[in-house]
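Novice: Data: upload20.cif, mmCIF, C-alpha atoms.
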data_run
loop_
_atom_site.group_PDB
_atom_site.id
_atom_site.type_symbol
_atom_site.label_atom_id
_atom_site.label_comp_id
_atom_site.auth_asym_id
_atom_site.auth_seq_id
_atom_site.Cartn_x
_atom_site.Cartn_y
_atom_site.Cartn_z
ATOM 1 C CA MET S 1 -83.318 -75.633 17.333
ATOM 2 C CA ALA S 2 -86.630 -76.116 15.503
ATOM 3 C CA ARG S 3 -86.374 -72.642 13.999
ATOM 4 C CA GLN S 4 -82.819 -73.267 12.782
ATOM 5 C CA ALA S 5 -83.878 -76.584 11.254
ATOM 6 C CA SER S 6 -86.712 -74.847 9.422
ATOM 7 C CA ILE S 7 -84.335 -72.185 8.111
ATOM 8 C CA ALA S 8 -81.922 -74.863 6.902
ATOM 9 C CA GLN S 9 -84.747 -76.610 5.079
ATOM 10 C CA HIS S 10 -85.794 -73.379 3.338
ATOM 11 C CA VAL S 11 -82.221 -72.705 2.239
ATOM 12 C CA GLU S 12 -81.797 -76.211 0.874
ATOM 13 C CA GLU S 13 -85.025 -75.900 -1.108
ATOM 14 C CA LEU S 14 -84.041 -72.525 -2.540
ATOM 15 C CA LEU S 15 -80.420 -73.308 -3.380
ATOM 16 C CA GLY S 16 -80.589 -77.033 -4.050
ATOM 17 C CA THR S 17 -77.579 -77.518 -1.778
ATOM 18 C CA ALA S 18 -77.257 -79.240 1.587
ATOM 19 C CA VAL S 19 -76.900 -77.112 4.704
ATOM 20 C CA VAL S 20 -74.395 -78.618 7.135
ATOM 21 C CA ALA S 21 -74.565 -76.025 9.926
ATOM 22 C CA THR S 22 -76.465 -72.920 10.995
ATOM 23 C CA ASN S 23 -75.529 -70.221 13.486
ATOM 24 C CA PRO S 24 -77.662 -67.297 14.644
ATOM 25 C CA VAL S 25 -76.042 -63.909 14.025
ATOM 26 C CA ALA S 26 -76.886 -60.367 15.025
ATOM 27 C CA GLY S 27 -79.777 -58.916 13.058
ATOM 28 C CA GLY S 28 -82.677 -56.492 13.308
ATOM 29 C CA ASP S 29 -85.941 -56.551 15.216
ATOM 30 C CA VAL S 30 -88.088 -57.832 12.349
ATOM 31 C CA CYS S 31 -86.270 -60.920 11.057
ATOM 32 C CA VAL S 32 -84.141 -63.799 12.328
ATOM 33 C CA ALA S 33 -80.586 -63.590 10.962
ATOM 34 C CA THR S 34 -78.584 -66.774 10.395
ATOM 35 C CA ARG S 35 -75.282 -67.853 8.895
ATOM 36 C CA ALA S 36 -75.731 -71.115 7.033
ATOM 37 C CA ARG S 37 -72.744 -73.213 5.976
ATOM 38 C CA LEU S 38 -73.362 -75.212 2.812
ATOM 39 C CA GLY S 39 -72.110 -78.610 1.819
ATOM 40 C CA ASP S 40 -69.970 -77.062 -0.922
ATOM 41 C CA GLY S 41 -68.019 -75.029 1.648
ATOM 42 C CA ARG S 42 -69.740 -71.687 1.113
ATOM 43 C CA SER S 43 -71.469 -69.661 3.779
ATOM 44 C CA VAL S 44 -74.611 -67.641 3.111
ATOM 45 C CA PHE S 45 -76.585 -65.058 5.049
ATOM 46 C CA VAL S 46 -80.247 -65.842 5.671
ATOM 47 C CA LYS S 47 -83.010 -63.490 6.771
ATOM 48 C CA ALA S 48 -86.128 -65.317 7.917
ATOM 49 C CA ARG S 49 -89.527 -64.218 9.135
ATOM 50 C CA PRO S 50 -92.086 -66.953 9.752
ATOM 51 C CA GLY S 51 -95.510 -65.951 8.483
ATOM 52 C CA ALA S 52 -94.159 -63.023 6.467
ATOM 53 C CA PRO S 53 -96.538 -61.458 3.933
ATOM 54 C CA ASP S 54 -96.275 -63.139 0.542
ATOM 55 C CA ASP S 55 -94.492 -60.162 -1.001
ATOM 56 C CA PHE S 56 -92.230 -59.271 1.934
ATOM 57 C CA PHE S 57 -88.973 -60.943 0.881
ATOM 58 C CA PRO S 58 -89.623 -60.809 -2.885
ATOM 59 C CA THR S 59 -90.005 -57.042 -2.490
ATOM 60 C CA GLU S 60 -86.700 -56.775 -0.648
ATOM 61 C CA ALA S 61 -84.961 -58.893 -3.273
ATOM 62 C CA ALA S 62 -86.370 -56.684 -6.037
ATOM 63 C CA HIS S 63 -85.169 -53.564 -4.241
ATOM 64 C CA LEU S 64 -81.663 -54.995 -3.822
ATOM 65 C CA GLU S 65 -81.501 -55.927 -7.485
ATOM 66 C CA TRP S 66 -82.778 -52.496 -8.557
ATOM 67 C CA LEU S 67 -80.062 -50.799 -6.536
ATOM 68 C CA ALA S 68 -77.482 -53.239 -7.921
ATOM 69 C CA SER S 69 -78.482 -52.251 -11.475
ATOM 70 C CA ALA S 70 -77.487 -48.611 -10.952
ATOM 71 C CA GLY S 71 -74.376 -49.045 -13.068
ATOM 72 C CA GLU S 72 -70.613 -49.036 -12.853
ATOM 73 C CA GLY S 73 -69.219 -47.434 -9.715
ATOM 74 C CA ALA S 74 -72.551 -47.432 -7.875
ATOM 75 C CA ALA S 75 -72.949 -48.592 -4.285
ATOM 76 C CA ALA S 76 -72.244 -52.310 -3.894
ATOM 77 C CA ILE S 77 -75.108 -54.635 -2.972
ATOM 78 C CA PRO S 78 -74.835 -58.244 -1.753
ATOM 79 C CA VAL S 79 -75.793 -60.844 -4.321
ATOM 80 C CA VAL S 80 -79.295 -62.286 -3.930
ATOM 81 C CA LEU S 81 -78.955 -66.090 -4.054
ATOM 82 C CA GLY S 82 -82.516 -67.126 -3.308
ATOM 83 C CA VAL S 83 -85.838 -65.749 -2.142
ATOM 84 C CA GLY S 84 -88.993 -67.359 -0.786
ATOM 85 C CA GLN S 85 -92.032 -66.323 1.201
ATOM 86 C CA GLU S 86 -90.329 -66.753 4.572
ATOM 87 C CA CYS S 87 -86.664 -66.084 3.870
ATOM 88 C CA LEU S 88 -84.075 -64.312 1.763
ATOM 89 C CA VAL S 89 -80.635 -65.780 1.063
ATOM 90 C CA LEU S 90 -77.695 -63.482 0.326
ATOM 91 C CA GLU S 91 -73.992 -63.949 -0.175
ATOM 92 C CA TRP S 92 -72.057 -64.016 3.092
ATOM 93 C CA LEU S 93 -69.874 -60.963 3.760
ATOM 94 C CA GLU S 94 -67.115 -60.959 6.335
ATOM 95 C CA ALA S 95 -67.453 -57.787 8.366
ATOM 96 C CA GLY S 96 -64.549 -55.410 8.725
ATOM 97 C CA ARG S 97 -64.175 -51.976 10.305
ATOM 98 C CA PRO S 98 -65.510 -48.647 9.023
ATOM 99 C CA THR S 99 -62.432 -46.729 7.894
ATOM 100 C CA PRO S 100 -62.269 -43.175 6.523
ATOM 101 C CA GLU S 101 -61.234 -44.609 3.166
ATOM 102 C CA ALA S 102 -64.231 -46.942 3.067
ATOM 103 C CA ALA S 103 -66.539 -44.035 4.007
ATOM 104 C CA GLU S 104 -65.163 -41.958 1.147
ATOM 105 C CA GLN S 105 -65.651 -44.858 -1.238
ATOM 106 C CA LEU S 106 -69.244 -45.259 -0.075
ATOM 107 C CA GLY S 107 -69.936 -41.542 -0.482
ATOM 108 C CA GLN S 108 -68.711 -41.605 -4.078
ATOM 109 C CA ALA S 109 -70.622 -44.804 -4.859
ATOM 110 C CA LEU S 110 -73.842 -43.569 -3.242
ATOM 111 C CA ALA S 111 -73.678 -40.426 -5.375
ATOM 112 C CA ILE S 112 -73.479 -42.585 -8.509
ATOM 113 C CA THR S 113 -76.434 -44.683 -7.347
ATOM 114 C CA HIS S 114 -78.525 -41.584 -6.712
ATOM 115 C CA ARG S 115 -77.541 -40.025 -10.017
ATOM 116 C CA SER S 116 -78.689 -43.139 -11.921
ATOM 117 C CA GLY S 117 -82.224 -41.917 -11.233
ATOM 118 C CA ALA S 118 -85.710 -43.380 -11.262
ATOM 119 C CA ALA S 119 -88.764 -43.160 -13.499
ATOM 120 C CA SER S 120 -90.702 -41.119 -10.947
ATOM 121 C CA PHE S 121 -90.942 -40.417 -7.263
ATOM 122 C CA GLY S 122 -92.252 -43.621 -5.696
ATOM 123 C CA GLY S 123 -92.188 -46.983 -7.378
ATOM 124 C CA PRO S 124 -94.123 -49.606 -9.302
ATOM 125 C CA ALA S 125 -95.374 -51.319 -6.129
ATOM 126 C CA ASP S 126 -95.755 -50.648 -2.432
ATOM 127 C CA GLY S 127 -93.066 -51.911 -0.089
ATOM 128 C CA TYR S 128 -92.103 -52.096 3.579
ATOM 129 C CA ILE S 129 -90.146 -50.043 6.066
ATOM 130 C CA GLY S 130 -89.151 -52.548 8.707
ATOM 131 C CA ALA S 131 -92.346 -54.503 9.323
ATOM 132 C CA LEU S 132 -94.630 -51.599 8.408
ATOM 133 C CA PRO S 133 -96.243 -51.398 4.968
ATOM 134 C CA GLN S 134 -94.992 -48.430 2.965
ATOM 135 C CA PRO S 135 -96.940 -46.842 0.085
ATOM 136 C CA ASN S 136 -95.028 -45.977 -3.090
ATOM 137 C CA GLU S 137 -97.767 -44.397 -5.207
ATOM 138 C CA PRO S 138 -95.874 -42.507 -7.935
ATOM 139 C CA ALA S 139 -95.893 -38.714 -8.065
ATOM 140 C CA ASP S 140 -94.353 -36.135 -10.346
ATOM 141 C CA ARG S 141 -93.279 -33.842 -7.501
ATOM 142 C CA TRP S 142 -91.261 -34.836 -4.461
ATOM 143 C CA PRO S 143 -93.049 -32.638 -1.891
ATOM 144 C CA GLU S 144 -96.364 -34.238 -2.829
ATOM 145 C CA PHE S 145 -94.885 -37.732 -2.741
ATOM 146 C CA TYR S 146 -93.151 -37.195 0.586
ATOM 147 C CA ALA S 147 -96.150 -35.703 2.356
ATOM 148 C CA ARG S 148 -98.636 -38.298 1.072
ATOM 149 C CA ASN S 149 -96.512 -41.456 1.204
ATOM 150 C CA ARG S 150 -93.820 -40.866 3.803
ATOM 151 C CA VAL S 151 -95.170 -38.560 6.493
ATOM 152 C CA GLU S 152 -98.961 -38.710 6.658
ATOM 153 C CA PRO S 153 -99.363 -42.533 6.937
ATOM 154 C CA TYR S 154 -96.974 -42.844 9.876
ATOM 155 C CA LEU S 155 -98.199 -39.684 11.555
ATOM 156 C CA ARG S 156 -101.670 -41.255 11.620
ATOM 157 C CA THR S 157 -100.385 -44.642 12.797
ATOM 158 C CA ALA S 158 -98.217 -43.193 15.553
ATOM 159 C CA PHE S 159 -101.023 -40.913 16.752
ATOM 160 C CA ASN S 160 -103.643 -43.672 16.678
ATOM 161 C CA ARG S 161 -101.336 -45.934 18.684
ATOM 162 C CA GLY S 162 -100.877 -43.239 21.335
ATOM 163 C CA ARG S 163 -97.218 -42.724 20.432
ATOM 164 C CA LEU S 164 -97.472 -39.154 19.138
ATOM 165 C CA ARG S 165 -98.914 -36.295 21.187
ATOM 166 C CA ALA S 166 -101.461 -33.979 19.619
ATOM 167 C CA ASP S 167 -99.182 -30.941 19.843
ATOM 168 C CA ASP S 168 -96.397 -32.823 18.053
ATOM 169 C CA ALA S 169 -98.827 -34.035 15.387
ATOM 170 C CA ASN S 170 -100.035 -30.459 14.884
ATOM 171 C CA ALA S 171 -96.462 -29.225 14.519
ATOM 172 C CA ILE S 172 -95.823 -31.817 11.791
ATOM 173 C CA CYS S 173 -99.067 -30.919 10.018
ATOM 174 C CA ALA S 174 -97.938 -27.286 10.002
ATOM 175 C CA VAL S 175 -94.811 -28.339 8.103
ATOM 176 C CA LEU S 176 -96.881 -30.293 5.594
ATOM 177 C CA ASP S 177 -99.109 -27.257 5.046
ATOM 178 C CA HIS S 178 -96.023 -25.394 3.781
ATOM 179 C CA ILE S 179 -93.953 -28.280 2.467
ATOM 180 C CA ASP S 180 -93.168 -26.551 -0.834
ATOM 181 C CA ASP S 181 -91.484 -23.791 1.166
ATOM 182 C CA HIS S 182 -89.401 -26.342 3.100
ATOM 183 C CA ALA S 183 -88.462 -28.670 0.238
ATOM 184 C CA GLY S 184 -85.712 -26.658 -1.450
ATOM 185 C CA PRO S 185 -85.060 -26.476 -5.171
ATOM 186 C CA PRO S 186 -86.731 -29.142 -7.332
ATOM 187 C CA GLU S 187 -84.628 -32.187 -8.161
ATOM 188 C CA PRO S 188 -85.294 -35.168 -10.439
ATOM 189 C CA PRO S 189 -86.081 -38.525 -8.802
ATOM 190 C CA ALA S 190 -82.990 -40.215 -7.396
ATOM 191 C CA ARG S 191 -82.497 -43.947 -6.976
ATOM 192 C CA ILE S 192 -82.352 -44.089 -3.186
ATOM 193 C CA HIS S 193 -81.930 -46.824 -0.587
ATOM 194 C CA GLY S 194 -84.747 -45.399 1.511
ATOM 195 C CA ASP S 195 -83.715 -46.793 4.924
ATOM 196 C CA LEU S 196 -80.051 -45.909 4.996
ATOM 197 C CA TRP S 197 -79.119 -45.811 8.643
ATOM 198 C CA SER S 198 -75.658 -46.977 9.659
ATOM 199 C CA GLY S 199 -76.914 -50.447 10.618
ATOM 200 C CA ASN S 200 -77.788 -51.076 6.975
ATOM 201 C CA ILE S 201 -74.185 -50.647 5.868
ATOM 202 C CA VAL S 202 -71.948 -53.714 5.928
ATOM 203 C CA TRP S 203 -68.382 -52.489 6.253
ATOM 204 C CA ALA S 204 -67.025 -55.578 4.530
ATOM 205 C CA LEU S 205 -63.558 -56.943 5.232
ATOM 206 C CA ASP S 206 -62.619 -56.561 1.564
ATOM 207 C CA GLY S 207 -62.881 -52.776 1.976
ATOM 208 C CA GLU S 208 -65.972 -52.282 -0.183
ATOM 209 C CA PRO S 209 -69.044 -51.298 1.851
ATOM 210 C CA ARG S 210 -72.341 -52.977 0.912
ATOM 211 C CA LEU S 211 -75.872 -51.671 1.402
ATOM 212 C CA VAL S 212 -78.544 -54.003 2.805
ATOM 213 C CA ASP S 213 -82.191 -53.941 3.969
ATOM 214 C CA PRO S 214 -83.448 -51.310 1.517
ATOM 215 C CA ALA S 215 -86.808 -49.637 1.172
ATOM 216 C CA ALA S 216 -85.722 -48.501 -2.280
ATOM 217 C CA HIS S 217 -87.706 -46.116 -4.461
ATOM 218 C CA GLY S 218 -87.464 -42.998 -6.539
ATOM 219 C CA GLY S 219 -86.950 -40.324 -3.930
ATOM 220 C CA HIS S 220 -84.959 -37.268 -2.930
ATOM 221 C CA ARG S 221 -81.255 -37.940 -2.541
ATOM 222 C CA GLU S 222 -81.066 -35.801 0.602
ATOM 223 C CA THR S 223 -83.272 -38.419 2.300
ATOM 224 C CA ASP S 224 -80.496 -41.028 2.381
ATOM 225 C CA LEU S 225 -77.978 -38.508 3.701
ATOM 226 C CA ALA S 226 -80.379 -37.316 6.404
ATOM 227 C CA MET S 227 -80.956 -40.913 7.495
ATOM 228 C CA LEU S 228 -77.211 -41.512 7.745
ATOM 229 C CA ALA S 229 -77.017 -38.528 10.096
ATOM 230 C CA LEU S 230 -80.007 -39.480 12.258
ATOM 231 C CA PHE S 231 -78.471 -42.324 14.238
ATOM 232 C CA GLY S 232 -74.816 -41.589 13.532
ATOM 233 C CA THR S 233 -72.579 -43.059 10.836
ATOM 234 C CA PRO S 234 -68.808 -43.478 11.178
ATOM 235 C CA HIS S 235 -66.785 -40.882 9.278
ATOM 236 C CA LEU S 236 -69.948 -39.205 8.003
ATOM 237 C CA ASP S 237 -68.175 -35.934 7.201
ATOM 238 C CA ARG S 238 -65.736 -37.781 4.938
ATOM 239 C CA LEU S 239 -68.600 -39.691 3.320
ATOM 240 C CA VAL S 240 -70.606 -36.521 2.580
ATOM 241 C CA ALA S 241 -67.567 -34.633 1.281
ATOM 242 C CA ALA S 242 -66.795 -37.463 -1.133
ATOM 243 C CA TYR S 243 -70.446 -37.569 -2.204
ATOM 244 C CA ASP S 244 -70.500 -33.834 -2.835
ATOM 245 C CA GLU S 245 -67.445 -34.050 -5.086
ATOM 246 C CA VAL S 246 -69.222 -36.535 -7.372
ATOM 247 C CA PHE S 247 -72.783 -35.149 -7.221
ATOM 248 C CA PRO S 248 -72.801 -31.655 -5.651
ATOM 249 C CA LEU S 249 -75.624 -31.038 -3.214
ATOM 250 C CA ALA S 250 -78.023 -28.115 -3.593
ATOM 251 C CA ASP S 251 -77.479 -25.012 -1.491
ATOM 252 C CA GLY S 252 -79.081 -25.199 1.928
ATOM 253 C CA TRP S 253 -79.261 -28.981 2.076
ATOM 254 C CA ARG S 254 -78.201 -29.039 5.718
ATOM 255 C CA ASP S 255 -81.210 -26.868 6.588
ATOM 256 C CA ARG S 256 -83.482 -29.574 5.157
ATOM 257 C CA VAL S 257 -82.076 -32.500 7.155
ATOM 258 C CA ALA S 258 -84.861 -32.242 9.730
ATOM 259 C CA LEU S 259 -87.501 -32.398 6.982
ATOM 260 C CA HIS S 260 -86.086 -35.650 5.601
ATOM 261 C CA GLN S 261 -85.787 -37.082 9.115
ATOM 262 C CA LEU S 262 -89.516 -36.736 9.803
ATOM 263 C CA HIS S 263 -90.218 -39.990 7.982
ATOM 264 C CA PRO S 264 -87.811 -42.263 9.909
ATOM 265 C CA LEU S 265 -88.700 -40.600 13.201
ATOM 266 C CA LEU S 266 -92.410 -41.221 12.591
ATOM 267 C CA THR S 267 -91.899 -44.815 11.458
ATOM 268 C CA HIS S 268 -89.921 -45.444 14.642
ATOM 269 C CA ALA S 269 -92.636 -43.753 16.692
ATOM 270 C CA ALA S 270 -95.267 -45.932 15.049
ATOM 271 C CA ALA S 271 -93.270 -49.133 15.508
ATOM 272 C CA PHE S 272 -91.549 -48.604 18.859
ATOM 273 C CA GLY S 273 -92.942 -45.551 20.637
ATOM 274 C CA GLY S 274 -90.398 -44.178 23.067
ATOM 275 C CA GLY S 275 -89.259 -40.626 22.452
ATOM 276 C CA TYR S 276 -89.425 -40.761 18.670
ATOM 277 C CA GLY S 277 -92.751 -38.944 18.442
ATOM 278 C CA ALA S 278 -91.422 -36.062 20.534
ATOM 279 C CA ARG S 279 -88.286 -35.931 18.376
ATOM 280 C CA ALA S 280 -90.443 -35.708 15.264
ATOM 281 C CA GLY S 281 -92.382 -32.835 16.813
ATOM 282 C CA GLN S 282 -89.149 -31.094 17.739
ATOM 283 C CA ALA S 283 -87.829 -31.497 14.187
ATOM 284 C CA ALA S 284 -91.048 -30.014 12.793
ATOM 285 C CA ARG S 285 -90.890 -27.007 15.109
ATOM 286 C CA SER S 286 -87.285 -26.349 14.116
ATOM 287 C CA LEU S 287 -88.330 -26.293 10.459
ATOM 288 C CA THR S 288 -91.205 -23.891 11.121
ATOM 289 C CA ALA S 289 -88.960 -21.589 13.138
ATOM 290 C CA ALA S 290 -86.286 -21.596 10.425
ATOM 291 C CA LEU S 291 -88.890 -20.790 7.759
ATOM 292 C CA ALA S 292 -90.206 -17.889 9.819
ATOM 293 C CA THR S 293 -86.665 -16.542 10.195
ATOM 294 C CA ARG S 294 -86.072 -16.773 6.432
ATOM 295 C CA ASP S 295 -89.383 -15.054 5.681
ATOM 296 C CA ALA S 296 -88.564 -12.236 8.118
ATOM 297 C CA ALA S 297 -85.140 -11.774 6.558
ATOM 298 C CA THR S 298 -86.702 -11.630 3.074
ATOM 299 C CA GLU S 299 -89.227 -9.003 4.130
ATOM 300 C CA ALA S 300 -86.494 -6.928 5.741
#
Would you mind writing the file's structure down as structure tokens?

Specialist:
Amino acid sequence: MARQASIAQHVEELLGTAVVATNPVAGGDVCVATRARLGDGRSVFVKARPGAPDDFFPTEAAHLEWLASAGEGAAAIPVVLGVGQECLVLEWLEAGRPTPEAAEQLGQALAITHRSGAASFGGPADGYIGALPQPNEPADRWPEFYARNRVEPYLRTAFNRGRLRADDANAICAVLDHIDDHAGPPEPPARIHGDLWSGNIVWALDGEPRLVDPAAHGGHRETDLAMLALFGTPHLDRLVAAYDEVFPLADGWRDRVALHQLHPLLTHAAAFGGGYGARAGQAARSLTAALATRDAATEA
């Protein structure tokens, strides 16, 4: 009750409107999610995290607005209504069901978002992935950016926390030693969501999917698609086919899925432990084995 009262007070201060009721709703592990009903009849969605770092919610708001600025036809983003140190207020979206048609629409829209591009790989400021800090130091080349900012920091954290075995860490380091050989053809920086698992898609009742909880940056577009595949996304084949029609993927992209999944697997290992470290090691070994097979075929 005290927490809900505090959330209501924050919302009133940010929006200048009375809150008449609050109800907890399903959310993630990092923040408290609440539906707040306002005195003017509207409902809003509130993410709160007491004691959050000063830049935690402002960073998320900036990432949402950057994705929203991708242009006509790009992936839809909920409207940011207010942001403070301890909470973020978004428009309320009534949830619907993930249909094949909505998945196709999202695939087309995501392609447009990616194609809108970014100034460089990385971003103007560091961000967060869940509760973990995430470096965004800009780089001209994606392999360099990915190794330095997306794999190495979480490999170290997971290992130091005892959540990644030495043999798995060594397997991942072997991939990084040859990352140029794994990365595929060079691509320009894409405007990516950066944490696009299925739980960060709101299949809204109006039929237009919205993307939430980004860790947005200039990245490789295959990263978002690999994340969608990692934990399962409804109608993913339809989504990818629609994407490919708008912004065709480079040859061999499916062979690189495991490379792009190293980052989310390591962040999960660092944050939660469990079997994520072993899965990251397995992904790395599959990449090394595939590279050896390609090299042997080339020599033959």

Novice: What do you get, as a PyMOL selection string, if you spell out every residue that the PyMOL selection byres ((chain S and resi 256-260) around 8) selects here?

Specialist: chain S and resi 182-184+222-223+226-227+252-255+261-263+283-284+286-287

Novice: Do you know which residues the PyMOL selection byres ((chain S and resi 9-15) around 12) returns on this file, as a PyMOL selection string?

Specialist: chain S and resi 2-8+16-22+34-40+42-50+80-91

Novice: Which neighbours of Pro135 (chain S) fall inside 9 Å, counting all atoms listed in the file, when residues of the same chain fewer than 5 positions from it are skipped, and could you give them as a list in words?

Specialist: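 Counting only the stated atoms, we get Gly122, Gly123, Ala125, Asp126, Gly127, Tyr128, Arg148, Asn149, Arg150 and Pro153 of chain S.
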
Novice: Taking the file above as input, evaluate the PyMOL selection byres ((chain S and resi 268) around 12) and report the hits as a PyMOL selection string.

Specialist: chain S and resi 29+129-132+151+154-155+157-158+163-164+195+230-231+261-267+269-280

Novice: For region 192-210 of chain S, I'd like the enclosing box, axis-aligned and padded by 4 Å on every side, reported as AutoDock Vina command-line options with centre and edge lengths in Å to one decimal.

Specialist:
--center_x -73.7 --center_y -50.5 --center_z 3.7 --size_x 30.1 --size_y 20.9 --size_z 21.8

Novice: Could you complete region 45-59 of chain S so that it carries N, CA and C atoms, and give it back as a PDB file, in the frame of the given file?

Specialist:
ATOM      1  N   PHE S  45     -75.836 -65.802   4.040  1.00  0.00           N
ATOM      2  CA  PHE S  45     -76.585 -65.058   5.049  1.00  0.00           C
ATOM      3  C   PHE S  45     -78.070 -65.247   4.781  1.00  0.00           C
ATOM      4  N   VAL S  46     -78.822 -65.557   5.827  1.00  0.00           N
ATOM      5  CA  VAL S  46     -80.247 -65.842   5.671  1.00  0.00           C
ATOM      6  C   VAL S  46     -81.049 -64.926   6.589  1.00  0.00           C
ATOM      7  N   LYS S  47     -82.019 -64.240   6.010  1.00  0.00           N
ATOM      8  CA  LYS S  47     -83.010 -63.490   6.771  1.00  0.00           C
ATOM      9  C   LYS S  47     -84.300 -64.269   6.727  1.00  0.00           C
ATOM     10  N   ALA S  48     -84.894 -64.537   7.874  1.00  0.00           N
ATOM     11  CA  ALA S  48     -86.128 -65.317   7.917  1.00  0.00           C
ATOM     12  C   ALA S  48     -87.167 -64.611   8.778  1.00  0.00           C
ATOM     13  N   ARG S  49     -88.400 -64.762   8.367  1.00  0.00           N
ATOM     14  CA  ARG S  49     -89.527 -64.218   9.135  1.00  0.00           C
ATOM     15  C   ARG S  49     -90.714 -65.140   8.944  1.00  0.00           C
ATOM     16  N   PRO S  50     -90.943 -66.043   9.886  1.00  0.00           N
ATOM     17  CA  PRO S  50     -92.086 -66.953   9.752  1.00  0.00           C
ATOM     18  C   PRO S  50     -93.389 -66.182   9.620  1.00  0.00           C
ATOM     19  N   GLY S  51     -94.225 -66.602   8.681  1.00  0.00           N
ATOM     20  CA  GLY S  51     -95.510 -65.951   8.483  1.00  0.00           C
ATOM     21  C   GLY S  51     -95.424 -64.601   7.803  1.00  0.00           C
ATOM     22  N   ALA S  52     -94.302 -64.313   7.154  1.00  0.00           N
ATOM     23  CA  ALA S  52     -94.159 -63.023   6.467  1.00  0.00           C
ATOM     24  C   ALA S  52     -95.206 -62.885   5.369  1.00  0.00           C
ATOM     25  N   PRO S  53     -95.646 -61.654   5.078  1.00  0.00           N
ATOM     26  CA  PRO S  53     -96.538 -61.458   3.933  1.00  0.00           C
ATOM     27  C   PRO S  53     -95.921 -62.030   2.658  1.00  0.00           C
ATOM     28  N   ASP S  54     -96.761 -62.459   1.747  1.00  0.00           N
ATOM     29  CA  ASP S  54     -96.275 -63.139   0.542  1.00  0.00           C
ATOM     30  C   ASP S  54     -95.228 -62.324  -0.210  1.00  0.00           C
ATOM     31  N   ASP S  55     -95.390 -60.998  -0.208  1.00  0.00           N
ATOM     32  CA  ASP S  55     -94.492 -60.162  -1.001  1.00  0.00           C
ATOM     33  C   ASP S  55     -93.343 -59.564  -0.196  1.00  0.00           C
ATOM     34  N   PHE S  56     -93.193 -59.941   1.058  1.00  0.00           N
ATOM     35  CA  PHE S  56     -92.230 -59.271   1.934  1.00  0.00           C
ATOM     36  C   PHE S  56     -90.797 -59.454   1.432  1.00  0.00           C
ATOM     37  N   PHE S  57     -90.349 -60.698   1.324  1.00  0.00           N
ATOM     38  CA  PHE S  57     -88.973 -60.943   0.881  1.00  0.00           C
ATOM     39  C   PHE S  57     -88.798 -60.756  -0.627  1.00  0.00           C
ATOM     40  N   PRO S  58     -89.769 -61.136  -1.463  1.00  0.00           N
ATOM     41  CA  PRO S  58     -89.623 -60.809  -2.885  1.00  0.00           C
ATOM     42  C   PRO S  58     -89.466 -59.305  -3.135  1.00  0.00           C
ATOM     43  N   THR S  59     -90.155 -58.487  -2.346  1.00  0.00           N
ATOM     44  CA  THR S  59     -90.005 -57.042  -2.490  1.00  0.00           C
ATOM     45  C   THR S  59     -88.595 -56.605  -2.130  1.00  0.00           C
TER      46      THR S  59
END
